Amino acid sequence: MDLYEYQGKELFKRVGIPVSEGRRADSPQDARAAAQELGGQLVVKAQVLTGGRGKAGGVKLAEGADDVEQKAKDILGLDINGHVVRRLWIERASDIEREYYLSITLDRGAKKPLFMFTTQGGVEIEQIAEERPEALVRLHVDPSEGFQPWVARRLIYGGGVTDPSEQKQITSIVEKLYRAFVEFDAVLCEINPLIVTPDGTVKALDSKFTVDDNALFRHPDVAEMRDTAAADPIEAFAREKGVTYVKLDGSVGIIGNGAGLAMSTVDVVAHVGGRPANFCDLGGGGSAEGVVDALEVITRDPQVKSIFFNIFGGITRGDEVARGILEALDRLDMSKYPIVVRLDGTNAEEGRRLLAEAGNPNIHPEATMLDGARRAVELAA
Amino acid sequence: MDLYEYQGKELFKRVGIPVSEGRRADSPQDARAAAQELGGQLVVKAQVLTGGRGKAGGVKLAEGADDVEQKAKDILGLDINGHVVRRLWIERASDIEREYYLSITLDRGAKKPLFMFTTQGGVEIEQIAEERPEALVRLHVDPSEGFQPWVARRLIYGGGVTDPSEQKQITSIVEKLYRAFVEFDAVLCEINPLIVTPDGTVKALDSKFTVDDNALFRHPDVAEMRDTAAADPIEAFAREKGVTYVKLDGSVGIIGNGAGLAMSTVDVVAHVGGRPANFCDLGGGGSAEGVVDALEVITRDPQVKSIFFNIFGGITRGDEVARGILEALDRLDMSKYPIVVRLDGTNAEEGRRLLAEAGNPNIHPEATMLDGARRAVELAA
Amino acid sequence: MAIVVDNDTRLVVQGLTGSEGRFHGLRNRAYGTNLVAGVTPGKGGQDVDGVPVFDTVADAVDKAGANTSLIFVPARFAGDAMYEAIDAGIETVICITEHVPVHDMLGIYTYFRPKGVTMVGPNCPGVLSPGKANVGIIPAEIFSEGVVGLVSRSGTLTYQIGHELTQLGLGNSTIVGIGGDPIVGSSFIDILEKFEADPETELIVLVGEIGGDEEEKAAQYIGEHMTTPVLAYIAGFSAPPGKAMGHAGAIISGSSGTAVAKKEALEAKGIEVGATPTEVAQLVAKRLK
Amino acid sequence: MAIVVDNDTRLVVQGLTGSEGRFHGLRNRAYGTNLVAGVTPGKGGQDVDGVPVFDTVADAVDKAGANTSLIFVPARFAGDAMYEAIDAGIETVICITEHVPVHDMLGIYTYFRPKGVTMVGPNCPGVLSPGKANVGIIPAEIFSEGVVGLVSRSGTLTYQIGHELTQLGLGNSTIVGIGGDPIVGSSFIDILEKFEADPETELIVLVGEIGGDEEEKAAQYIGEHMTTPVLAYIAGFSAPPGKAMGHAGAIISGSSGTAVAKKEALEAKGIEVGATPTEVAQLVAKRLK
């Protein structure tokens with residue numbers, strides 16, 4: 001789960017990483033109130049879960065209630081890489097002497113957290129990694145060792161920070177960032193830029209914070225931060241129903257069990273000339289109720305013309321899937337969707353029997369994945 | 001550093017292990033006030049850093065201010081295994097249905113923390129370990145794994161706890177005891193007995209808590225718990241001066257550098273027929289000031305007749321030791337003590353030269369440890 | 001021979017009394033797997049269709065001689081269950097549970113690796129050595145004994161490919177679903193190493209998917225260390241670019257991670273990559289002819 | 001040959017710019033040890049009598065080729081320094097610092113053991129291979145080259161016994177002070193194993209003291225695994241019984257831990273135990289005659 005800048009900064013604050021004071025604003029009126037409360041020179045920042053908002057006009061300096069309200073009006077509603085701005089973060093403007101970059105992320109290759117730090121901020125960090133890799137210090141932390149002060153020293157001295165006060169402040173931020181990473185079950189905590197002000201104060205001017213979805217049960221307060229309104233409405237509905245769903249742009253609705261098979265089904269539908277409408281993974285459980293939910297999600301997409309169930313049972317049982325399909329046909333208005341069903345694996349025979357007995361003309365059984373894909377593509381035409 | 005029962009319970013409370021409410025009392029008047037505050041049936045418990053206080057009459061039930069005051073009078077001043085009772089802990093009496101035993105300690109052999117648990121409480125735990133080892137569950141925790149719930153399950157099911165409420169309470173206590181062990185840098189946390197009351201509540205009725213002296217810098221609040229008055233006055237003075245000193249019962253004062261050499265010097269003095277007055281380790285640093293302090297400590301013991309310096313320099317330098325001895329002769333009244341000095345190792349030659357130049361008749365140089373020991377024994381006769 | 005599970009497997013199911021644990025545990029037993037015990041705290045002394053249940057894995061090891069554990073407990077208890085199995089002396093730990101927090105796995109991975117334990121999963125379908133033992137949720141009836149080793153990050157995709165092989169009359173030595181999570185106990189390379197050492201395995205099918213760089217690393221490893229031929233399938237060519245993990249993620253993985261990048265990395269080492277599961281099975285058949 | 005330190009040692013001193021670090025580091029160099037670097041955060045780029053100082057151990061490894069570290073930093077920073085050395089790829093870490101918290105060592109011990117690093121200390125005098133290298137605070141001038149391996153929990157007692165040997169014309173292959181703390185990087189057994197494998201070492205003197213059960217375990221190990229003869233000395237026969245560690249301590253160590261118990265355990269395996277340092281030296285002389 002990706003957090004907005006202001007949410008990540010809230011978590012930074014909790015572990016003691018210095019950030020600027022600010023207020024959230026969802027409307028020009030909110031922005032005006034925030035300006036009155038905070039006073040002085042402010043920055044109005046679009047809160048979107050994507051990069052490049054600066055170039056897109058999503059970050060503006062302002063001073064005074066009128067100016068802030070106007071800038072808020074300008075920014076709210078902007079479309080930044082397909083994300084519509086609905087929230088703002090109004091914070092005290094900071095003078096910037098230097099810009100650094102600091103992050104910790106889960107390196108799944110090394111199976112260790114990885115710190116990255118450079119004092120060559122202000123440009124795209126990927127560019128530095130590419131062009132001047134020696135300027136980017138990378139350092140793994142062994143999870144069984146945990147954070148030790150030498151880790152901060154390697155970053156600081158490796159990055160060429162020489163001012164003792166800066167060294168001290170960054171050391172403390174590095175330690176706290178590690179704590180945030182572990183305590184909040186993060187997979188990414190990024191400060192870009194980490195700035196030094198003219199009076200020598202080091203602080204986080206932005207935040208990129210991603211928390212492991214699987215660990216949200218340990219962090220109900222973080223889970224509540226999710227902005228369900230920001231997502232695609234069908235994807236939001238899918239999340240609500242507990243269905244793994246990604247919208248694509250075609251006409252063949254696809255339901256598979258297991259991410260791999262579902263992905264492969266999307267590939268095969270494309271391979272035989274069809275256009276997949278979505279990726280939808282029933283997941284491991286695959287109860288009848290889950291099947292109904294999945295169908296309800298998929299049929300919200302008006303582009304869908306046919307539906308392809310590609311099920312290879314393991315922990316998912318073919319009879320449960322069949323029951324779910326029949327239940328959905330009962331409860332939902334599914335009359336306009338031809339449903340191609342390919343069932344194999346655990347209790348598949350029983351499932352095929354149940355479907356055959358139902359005798360619904362909209363159900364088209366197919367014996368193989370490839371044949372199922374072809375049939376679904378035909379039926380969507 | 002060993003903590004009193006009530007201090008250990010204070011730390012238990014901080015991590016959430018249930019204990020009875022109580023008050024510390026250093027006088028019968030304190031005890032009366034505590035009784036008035038707490039009310040009901042109480043236990044007056046001697047606070048001493050030794051076992052067997054129950055058998056020695058150091059724990060008594062009492063009810064009402066008069067009774068508690070009287071019991072406090074009875075117990076204060078008792079000598080329990082050489083420890084004079086100066087503090088009491090007055091706590092609410094607990095009804096006991098069953099007595100268990102739970103501890104975690106540093107197993108230096110395995111280099112791991114070791115949990116021990118038995119439901120066969122109420123008798124000496126060493127006896128159970130000896131006679132019915134199968135009734136004592138022992139379980140190491142891997143420090144890199146940390147506490148995991150299965151550890152508590154192994155203890156509970158291994159010990160035969162079957163009541164679900166008890167299982168739940170003990171699981172929570174096991175986890176918290178581990179936390180106390182780690183967070184307070186303990187080498188021992190023992191709950192004996194861990195009781196179950198007739199209404200099924202599990203709590204710690206006693207505590208034995210030992211904190212690593214080397215980690216006290218991380219726990220200034222725990223360091224302040226030290227009862228300097230309880231120690232032998234010379235040992236207390238030694239601690240104050242930062243000198244490692246153990247009083248023995250003889251006449252030859254011994255100063256060595258390093259615990260091994262100091263211990264071996266004590267052995268060799270005994271081996272050649274002398275009676276060592278003490279064990280005193282100058283430690284690694286061995287500055288001139290440290291030497292003066294050590295001499296000041298040792299000469300507080302009226303039994304001391306002669307002093308044997310046995311120094312083999314490594315990090316300790318012979319010239320520093322010599323300077324310390326000369327300094328002490330200058331500043332302290334050392335005229336009645338013949339000092340046998342054996343110097344070898346780092347800068348020993350320089351040290352021997354300094355002592356020779358001083359020409360003090362009380363200084364008796366010797367070339368070997370064995371000769372030094374013999375000479376010191378002669379001079380103490 | 002076979003790898004990971006075989007006739008010497010003495011299985012304990014952690015969570016045997018739960019509905020999934022019971023269903024698949026007994027199914028594994030019905031297949032012929034030597035299911036010796038179940039573990040459910042508080043249910044020690046009971047039995048599940050004749051299989052003794054213990055309170056702890058240590059009891060299952062001491063009293064029933066278990067050497068392999070299959071984990072079916074809910075995600076928030078799965079880390080604890082894995083540690084319990086490892087510390088009880090279980091040699092092979094197979095965790096089916098999905099949604100295990102990645103920080104839990106970070107600790108467990110670091111912990112178990114130096115101990116020489118074999119761990120598969122979490123979020124995996126388990127391991128099947130046809131004719132010998134089935135440990136997990138793989139529907140064994142679609143596989144037959146044979147010479148093809150199969151290793152996959154995806155469960156159901158594995159069944160699909162195994163199924164296609166069976167249709168062509170080809171069998172498997174062992175099928176290993178390593179799981180799709182960011183951190184799993186055994187990587188492609190760990191399993192490839194075992195297959196390489198298995199005289200029964202004559203050819204290996206590697207089934208990968210988008211994300212991470214395990215397929216790229218496997219390609220490198222195969223090029224450097226393996227003589228057994230390997231074929232591959234990658235899922236996710238039509239997947240939309242994933243949501244950005246911030247700059248740091250991009251820097252770590254570089255251009256790797258896409259299906260195309262994985263395909264290219266494999267082909268650069270001479271490993272054929274099939275376009276569909278059906279095509280992979282056909283390629284295998286051609287090679288083994 | 002020799003063990004732990006020798007002519008291949010390339011030494012970095014962590015804390016070289018401190019007074020103890022400087023004194024002993026330069027003394028080690030004067031003895032002939034190849035001192036290649038010092039580390040003091042913030043003093044990178046300086047030098048100590050010509051020895052380059054770096055900010056991090058990683059720099060000392062990369063730029064000066066250090067393979068052995070000698071740690072002289074204060075106790076509260078020693079754990080960090082040990083981790084830094086291990087993770088920088090240092091092969092041999094020798095920590096002189098005393099008063100390191102035991103929980104710090106618990107973590108470090110668990111961490112470094114599977115990595116194959118050699119660690120000696122903390123709270124130890126270091127390691128001296130006469131004629132080759134001296135790493136630590138052992139006064140090298142009292143030792144000479146020879147065939148006696150010396151391993152001891154006590155620093156100064158080691159010097160005493162080495163001194164007695166020298167008086168009798170006997171020299172040492174290597175002198176290892178393992179340190180007296182409850183948890184140290186190398187146990188008696190770790191060092192005995194190295195001596196056993198060292199063709200230059202013809203006889204070993206083990207110097208123990210009261211507390212713990214490392215001497216008892218060493219006796220067992222010697223009986224089972226060693227052909228090189230071992231003699232021993234134990235300090236602390238006149239020590240008063242230590243303050244009780246509560247019941248748990250007594251249960252763990254049983255009756256072991258006293259000087260008498262250690263002496264008996266050693267003698268039960270045929271290992272002679274001298275009554276004084278002088279007597280041990282005489283026993284060695286007799287054996288080597």
# chains A, B, ... in the order shown; residues from 1 in each chain; ligands from 1

call {"tool": "interface_residues", "arguments": {"of": "chain B", "to": "chain A", "cutoff": "10 Å", "atoms": "only C-alpha atoms", "output": "number ranges by chain"}}
result
B: 143-146

call {"tool": "closest_atom_pairs", "arguments": {"of": "chain D", "to": "chain C", "cutoff": "12 Å", "atoms": "only C-alpha atoms", "output": "Markdown table"}}
result
| residue | atom | partner | partner_atom | distance |
| --- | --- | --- | --- | --- |
| D:Thr110 | CA | C:Tyr111 | CA | 10.3 |
| D:Tyr111 | CA | C:Tyr111 | CA | 9.9 |
| D:Phe112 | CA | C:Pro114 | CA | 11.2 |
| D:Arg113 | CA | C:Pro114 | CA | 9.9 |
| D:Pro114 | CA | C:Pro114 | CA | 6.5 |
| D:Lys115 | CA | C:Pro114 | CA | 8.8 |
| D:Gly116 | CA | C:Pro114 | CA | 11.2 |

call {"tool": "interface_residues", "arguments": {"of": "chain B", "to": "chain C", "cutoff": "8 Å", "atoms": "only C-alpha atoms", "output": "number ranges by chain"}}
result
B: 144-145, 148-151, 153-154, 157

call {"tool": "write_last_selection", "arguments": {"atoms": "N, CA and C atoms", "output": "tab-separated table (two decimals), in the first residue's frame"}}
result
chain	number	residue	atom	x	y	z
B	144	SER	N	19.00	-14.52	17.54
B	144	SER	CA	18.70	-13.92	16.24
B	144	SER	C	17.26	-14.18	15.83
B	145	GLU	N	16.61	-15.13	16.48
B	145	GLU	CA	15.20	-15.39	16.21
B	145	GLU	C	14.34	-14.52	17.13
B	148	GLN	N	9.41	-16.05	20.06
B	148	GLN	CA	8.30	-16.44	19.21
B	148	GLN	C	7.29	-17.18	20.08
B	149	PRO	N	6.01	-17.11	19.74
B	149	PRO	CA	5.01	-17.73	20.61
B	149	PRO	C	5.21	-19.23	20.87
B	150	TRP	N	5.83	-19.94	19.92
B	150	TRP	CA	6.00	-21.38	20.13
B	150	TRP	C	6.85	-21.66	21.36
B	151	VAL	N	7.72	-20.73	21.70
B	151	VAL	CA	8.57	-20.91	22.89
B	151	VAL	C	7.68	-21.06	24.12
B	153	ARG	N	4.59	-21.98	24.10
B	153	ARG	CA	3.82	-23.22	23.99
B	153	ARG	C	4.63	-24.43	24.45
B	154	ARG	N	5.91	-24.45	24.06
B	154	ARG	CA	6.75	-25.58	24.49
B	154	ARG	C	6.82	-25.65	26.01
B	157	TYR	N	2.98	-26.59	27.37
B	157	TYR	CA	2.57	-27.97	27.13
B	157	TYR	C	3.59	-28.94	27.72

call {"tool": "residues_around", "arguments": {"residues": "D:Gly180", "least_positions_apart": "3", "cutoff": "7 Å", "atoms": "only C-alpha atoms", "output": "list of chain:residue names"}}
result
D:Asn123, D:Cys124, D:Arg153, D:Ser154

call {"tool": "write_last_selection", "arguments": {"atoms": "all heavy atoms", "output": "PDB file, in the first residue's frame"}}
result
ATOM      1  N   ASN D 123      37.601  -8.310  25.885  1.00  0.00           N
ATOM      2  CA  ASN D 123      38.242  -8.364  27.193  1.00  0.00           C
ATOM      3  C   ASN D 123      39.371  -9.371  27.175  1.00  0.00           C
ATOM      4  O   ASN D 123      39.445 -10.261  28.011  1.00  0.00           O
ATOM      5  CB  ASN D 123      37.196  -8.715  28.271  1.00  0.00           C
ATOM      6  CG  ASN D 123      37.751  -8.516  29.675  1.00  0.00           C
ATOM      7  OD1 ASN D 123      38.776  -7.869  29.876  1.00  0.00           O
ATOM      8  ND2 ASN D 123      37.076  -9.088  30.659  1.00  0.00           N
ATOM      9  N   CYS D 124      40.228  -9.256  26.170  1.00  0.00           N
ATOM     10  CA  CYS D 124      41.324 -10.203  26.021  1.00  0.00           C
ATOM     11  C   CYS D 124      42.594  -9.441  25.690  1.00  0.00           C
ATOM     12  O   CYS D 124      42.540  -8.271  25.306  1.00  0.00           O
ATOM     13  CB  CYS D 124      41.020 -11.197  24.893  1.00  0.00           C
ATOM     14  SG  CYS D 124      41.412 -10.589  23.251  1.00  0.00           S
ATOM     15  N   ARG D 153      42.331 -17.785  29.411  1.00  0.00           N
ATOM     16  CA  ARG D 153      41.221 -16.846  29.630  1.00  0.00           C
ATOM     17  C   ARG D 153      41.722 -15.568  30.267  1.00  0.00           C
ATOM     18  O   ARG D 153      41.000 -14.577  30.325  1.00  0.00           O
ATOM     19  CB  ARG D 153      40.164 -17.481  30.538  1.00  0.00           C
ATOM     20  CG  ARG D 153      39.243 -18.416  29.785  1.00  0.00           C
ATOM     21  CD  ARG D 153      38.373 -19.207  30.726  1.00  0.00           C
ATOM     22  NE  ARG D 153      37.445 -18.375  31.464  1.00  0.00           N
ATOM     23  CZ  ARG D 153      36.697 -18.825  32.477  1.00  0.00           C
ATOM     24  NH1 ARG D 153      36.795 -20.081  32.864  1.00  0.00           N
ATOM     25  NH2 ARG D 153      35.867 -18.024  33.100  1.00  0.00           N
ATOM     26  N   SER D 154      42.934 -15.597  30.818  1.00  0.00           N
ATOM     27  CA  SER D 154      43.440 -14.445  31.544  1.00  0.00           C
ATOM     28  C   SER D 154      44.633 -13.838  30.837  1.00  0.00           C
ATOM     29  O   SER D 154      45.516 -14.561  30.373  1.00  0.00           O
ATOM     30  CB  SER D 154      43.866 -14.896  32.943  1.00  0.00           C
ATOM     31  OG  SER D 154      44.773 -13.968  33.477  1.00  0.00           O
TER      32      SER D 154
END

call {"tool": "atom_distance", "arguments": {"atom1": "atom CA of B:Leu326", "atom2": "atom CA of B:Ala373"}}
result
20.8 Å

call {"tool": "closest_residue", "arguments": {"among": "B:Pro28, B:Gly345, B:Gly51, B:Pro220", "to": "B:Ser207", "atoms": "only C-alpha atoms"}}
result
B:Gly51

call {"tool": "residues_around", "arguments": {"residues": "B:Val187", "least_positions_apart": "3", "cutoff": "10 Å", "atoms": "only C-alpha atoms", "output": "list in words"}}
result
Met1, Asp2, Ile104, Thr105, Leu106, Asp107, Arg108, Pro113, Phe181, Val182, Phe184, Phe209, Thr210, Val211, Asp212 and Asp213 of chain B; Val102, His103, Met245 and Gly249 of chain D

call {"tool": "atom_distance", "arguments": {"atom1": "atom CA of C:Ala37", "atom2": "atom CA of C:Ala66"}}
result
7.1 Å

call {"tool": "select_by_dssp", "arguments": {"residues": "stretch 63-246 of chain C", "states": "alpha helix (DSSP H)", "output": "JSON, numbers by chain"}}
result
{"C": [63, 64, 75, 76, 77, 78, 79, 80, 81, 82, 83, 84, 85, 86, 87, 102, 103, 104, 105, 106, 107, 108, 109, 110, 111, 112, 155, 156, 157, 158, 159, 160, 161, 162, 163, 164, 165, 166, 167, 188, 189, 190, 191, 192, 193, 194, 195, 196, 214, 215, 216, 217, 218, 219, 220, 221, 222, 223, 224, 225, 246]}

call {"tool": "atom_distance", "arguments": {"atom1": "atom CA of D:Ile161", "atom2": "atom CA of D:Val280"}}
result
7.7 Å

call {"tool": "residues_around", "arguments": {"residues": "A:Met334", "least_positions_apart": "4", "cutoff": "10 Å", "atoms": "only C-alpha atoms", "output": "ChimeraX atom specification"}}
result
/A:295-296,299,328-330,338-339,362

call {"tool": "write_last_selection", "arguments": {"atoms": "all heavy atoms", "output": "compact mmCIF listing (two decimals), in the first residue's frame"}}
result
# COMPACT_ATOMS: atom_id res chain seq x y z
N LEU A 295 -17.33 -12.31 -10.33
CA LEU A 295 -18.20 -12.05 -11.48
C LEU A 295 -18.86 -10.69 -11.36
O LEU A 295 -19.01 -9.97 -12.34
CB LEU A 295 -19.25 -13.16 -11.61
CG LEU A 295 -18.72 -14.42 -12.29
CD1 LEU A 295 -19.73 -15.57 -12.19
CD2 LEU A 295 -18.38 -14.15 -13.77
N GLU A 296 -19.23 -10.34 -10.13
CA GLU A 296 -19.86 -9.05 -9.92
C GLU A 296 -18.88 -7.93 -10.27
O GLU A 296 -19.25 -6.92 -10.88
CB GLU A 296 -20.31 -8.94 -8.45
CG GLU A 296 -21.39 -7.88 -8.27
CD GLU A 296 -21.90 -7.79 -6.84
OE1 GLU A 296 -21.60 -8.69 -6.02
OE2 GLU A 296 -22.58 -6.79 -6.54
N THR A 299 -18.21 -7.82 -14.25
CA THR A 299 -19.33 -7.35 -15.08
C THR A 299 -19.64 -5.87 -14.86
O THR A 299 -20.53 -5.32 -15.52
CB THR A 299 -20.58 -8.20 -14.84
OG1 THR A 299 -20.86 -8.21 -13.43
CG2 THR A 299 -20.36 -9.63 -15.30
N ALA A 328 -24.07 -17.25 -9.06
CA ALA A 328 -24.00 -15.92 -9.68
C ALA A 328 -25.08 -15.78 -10.75
O ALA A 328 -25.73 -14.74 -10.89
CB ALA A 328 -22.62 -15.68 -10.27
N LEU A 329 -25.27 -16.85 -11.53
CA LEU A 329 -26.29 -16.82 -12.58
C LEU A 329 -27.67 -16.64 -11.97
O LEU A 329 -28.55 -16.02 -12.57
CB LEU A 329 -26.24 -18.11 -13.40
CG LEU A 329 -25.01 -18.27 -14.30
CD1 LEU A 329 -24.98 -19.65 -14.96
CD2 LEU A 329 -25.01 -17.18 -15.37
N ASP A 330 -27.81 -17.19 -10.77
CA ASP A 330 -29.05 -17.05 -10.02
C ASP A 330 -29.25 -15.63 -9.52
O ASP A 330 -30.32 -15.05 -9.65
CB ASP A 330 -28.97 -17.96 -8.78
CG ASP A 330 -30.05 -19.01 -8.81
OD1 ASP A 330 -30.48 -19.36 -9.93
OD2 ASP A 330 -30.42 -19.48 -7.72
N PRO A 338 -21.77 -14.67 -22.34
CA PRO A 338 -21.39 -16.07 -22.52
C PRO A 338 -20.18 -16.37 -21.61
O PRO A 338 -19.24 -15.57 -21.55
CB PRO A 338 -21.00 -16.17 -23.99
CG PRO A 338 -20.76 -14.76 -24.45
CD PRO A 338 -21.45 -13.83 -23.50
N ILE A 339 -20.30 -17.48 -20.90
CA ILE A 339 -19.23 -17.83 -19.95
C ILE A 339 -18.56 -19.11 -20.40
O ILE A 339 -19.18 -20.18 -20.43
CB ILE A 339 -19.80 -18.01 -18.53
CG1 ILE A 339 -20.56 -16.74 -18.10
CG2 ILE A 339 -18.67 -18.30 -17.54
CD1 ILE A 339 -21.19 -16.85 -16.72
N ASN A 362 -25.79 -20.35 -21.55
CA ASN A 362 -24.72 -19.37 -21.49
C ASN A 362 -23.38 -19.96 -21.04
O ASN A 362 -22.36 -19.32 -21.11
CB ASN A 362 -25.09 -18.24 -20.52
CG ASN A 362 -25.62 -17.03 -21.28
OD1 ASN A 362 -25.52 -16.98 -22.50
ND2 ASN A 362 -26.16 -16.06 -20.56

call {"tool": "residues_around", "arguments": {"residues": "A:Glu349", "least_positions_apart": "4", "cutoff": "8 Å", "atoms": "only C-alpha atoms", "output": "number ranges by chain"}}
result
A: 318-319, 343-344, 353

call {"tool": "decode", "arguments": {"residues": "stretch 252-258 of chain B", "atoms": "all heavy atoms", "output": "compact mmCIF listing (two decimals), in the first residue's frame"}}
result
# COMPACT_ATOMS: atom_id res chain seq x y z
N VAL B 252 47.89 -10.94 54.22
CA VAL B 252 48.69 -10.46 53.09
C VAL B 252 47.78 -9.75 52.07
O VAL B 252 46.96 -10.39 51.40
CB VAL B 252 49.43 -11.63 52.39
CG1 VAL B 252 50.27 -11.09 51.23
CG2 VAL B 252 50.29 -12.40 53.37
N GLY B 253 47.91 -8.42 52.02
CA GLY B 253 47.16 -7.65 51.02
C GLY B 253 47.73 -7.96 49.64
O GLY B 253 48.94 -8.00 49.46
N ILE B 254 46.86 -8.17 48.68
CA ILE B 254 47.34 -8.57 47.34
C ILE B 254 46.77 -7.65 46.28
O ILE B 254 45.57 -7.38 46.24
CB ILE B 254 46.93 -10.03 47.05
CG1 ILE B 254 47.75 -10.97 47.96
CG2 ILE B 254 47.12 -10.39 45.58
CD1 ILE B 254 47.23 -12.38 48.02
N ILE B 255 47.65 -7.14 45.43
CA ILE B 255 47.21 -6.36 44.28
C ILE B 255 47.83 -6.95 43.03
O ILE B 255 49.05 -7.09 42.94
CB ILE B 255 47.64 -4.87 44.41
CG1 ILE B 255 47.03 -4.25 45.67
CG2 ILE B 255 47.22 -4.08 43.17
CD1 ILE B 255 47.38 -2.79 45.87
N GLY B 256 46.99 -7.36 42.12
CA GLY B 256 47.49 -7.86 40.85
C GLY B 256 46.84 -7.08 39.73
O GLY B 256 45.91 -6.30 39.96
N ASN B 257 47.33 -7.25 38.52
CA ASN B 257 46.63 -6.63 37.40
C ASN B 257 46.06 -7.73 36.52
O ASN B 257 46.78 -8.63 36.08
CB ASN B 257 47.53 -5.68 36.60
CG ASN B 257 48.69 -6.39 35.94
OD1 ASN B 257 49.32 -7.23 36.58
ND2 ASN B 257 48.97 -6.06 34.70
N GLY B 258 44.76 -7.68 36.35
CA GLY B 258 44.08 -8.76 35.65
C GLY B 258 43.53 -9.75 36.65
O GLY B 258 44.21 -10.12 37.63
